[in-house]
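**Q** I have a structure I would like to understand better, so I am pasting it below and will then ask my questions one at a time.
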Amino acid sequence: MSTAFAHGGLLYNGLMSQHEASSLRVGVLALQGDYTLHIAMLHRLPGVSAAEVRTPGELNQVAALVIPGGESTTLGMLMNRIGLDCAITERAQRGMPLYGTCAGMILMARAIEGAPEQPTLNLLDIDVARNAFGRQLESFEAELPWTNAAGEPSHVHGVFIRAPWVTRTGEGVEVTSTYRGRVVGVRAGRMLATAFHPELTSVIRVHEEFVAMARHAAGQTV
Ligand code: GLN
């Protein structure tokens with residue numbers, strides 16, 4: 001696969017399914033925030049290699065991308081400086097699976113309530129409110145309902161740190177999780193976003209589901 005990647009611009013998916021049926025390379029945006037925890041979580045899944053992504057070139061070498069928590073304004077600015085905002089948008093529009101946690105969810109959203117000037121990638125048809133749980137609930141852990149792609153209910157654990165919630169879901173956006181009546185997890189096509197951090201817990205369900213989504217997109221059997 002490295003030869004093909006060295007020439008850049010080639011679609012990753014076909015290459016993976018032909019040559020590395022059981023190995024999936026998942027990238028984690030590593031500009032700021034808790035990316036190392038996502039890498040550790042992904043490495044727990046069989047057949048997955050996780051890679052830090054800091055440049056458009058590194059993005060070309062992964063089949064799917066996680067945008068971690070951090071500070072959405074800082075992350076947005078850094079992505080823009082390196083050209084990763086355009087590169088991610090372009091890959092996602094061509095079908096690259098994307099999972100955003102917290103600041104990642106904010107960056108994937110169409111708009112941020114009360115902050116129309118803050119740029120987002122506008123990849124997922126949701127609006128979010130930043131730091132929505134307020135001062136008392138700045139940081140907390142909760143058991144949450146989780147509905148998988150097949151519609152089966154289960155539970156996940158999530159840590160909320162100055163977390164957003166979703167204020168609007170567009171057509172085709174499914175709710176995976178709510179907390180106290182607020183939407184905190186969504187899925188749409190090949191995109192997954194959670195207001196909470198599952199990577200700070202030992203429950204691997206969300207990453208497992210994202211990897212299944214990525215394998216499906218890469219034409220691999222799950
Ligand atoms: N409050 C942060 C923001 O608005 C997100 C916090 C997080 O990612 N844990 O970007």
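Each chain in the structure tokens gets a letter, A, B and so on, in the order shown; residues start at 1 in every chain, and ligands are counted from 1 in the order they appear.
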Show me which residues line ligand 1, defined as having an atom within 8 Å of a ligand atom where only C-alpha atoms and all ligand atoms count, and present them as a count of residues only.

**A** 23

**Q** Taking the DSSP assignment computed from this structure's backbone, write out as a PyMOL selection string all residues of chain A that belong to helix (DSSP H, G or I).

**A** chain A and resi 2-6+12-19+35-43+56-59+72-82+84-93+103-108+198-200+205-217

**Q** Please determine, counting only C-alpha atoms, which residue among A:Gln61, A:Thr55, A:Thr147, A:Thr178 has the shortest atom-to-atom distance to Gly83 (chain A).

**A**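 With only C-alpha atoms as the atom set, the closest residue is A:Thr55.
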
**Q** Name all residues at most 9 Å from Leu84 (chain A) (count only C-alpha atoms; drop same-chain ones fewer than 6 positions away) and give them as an NGL selection string.

**A** :A and (54-56 or 59 or 78)

**Q** Could you tell me how far CA of Glu117 (chain A) sits from CA of Asp34 (chain A), in Å to one decimal place?

**A**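 The value is 25.2 Å.
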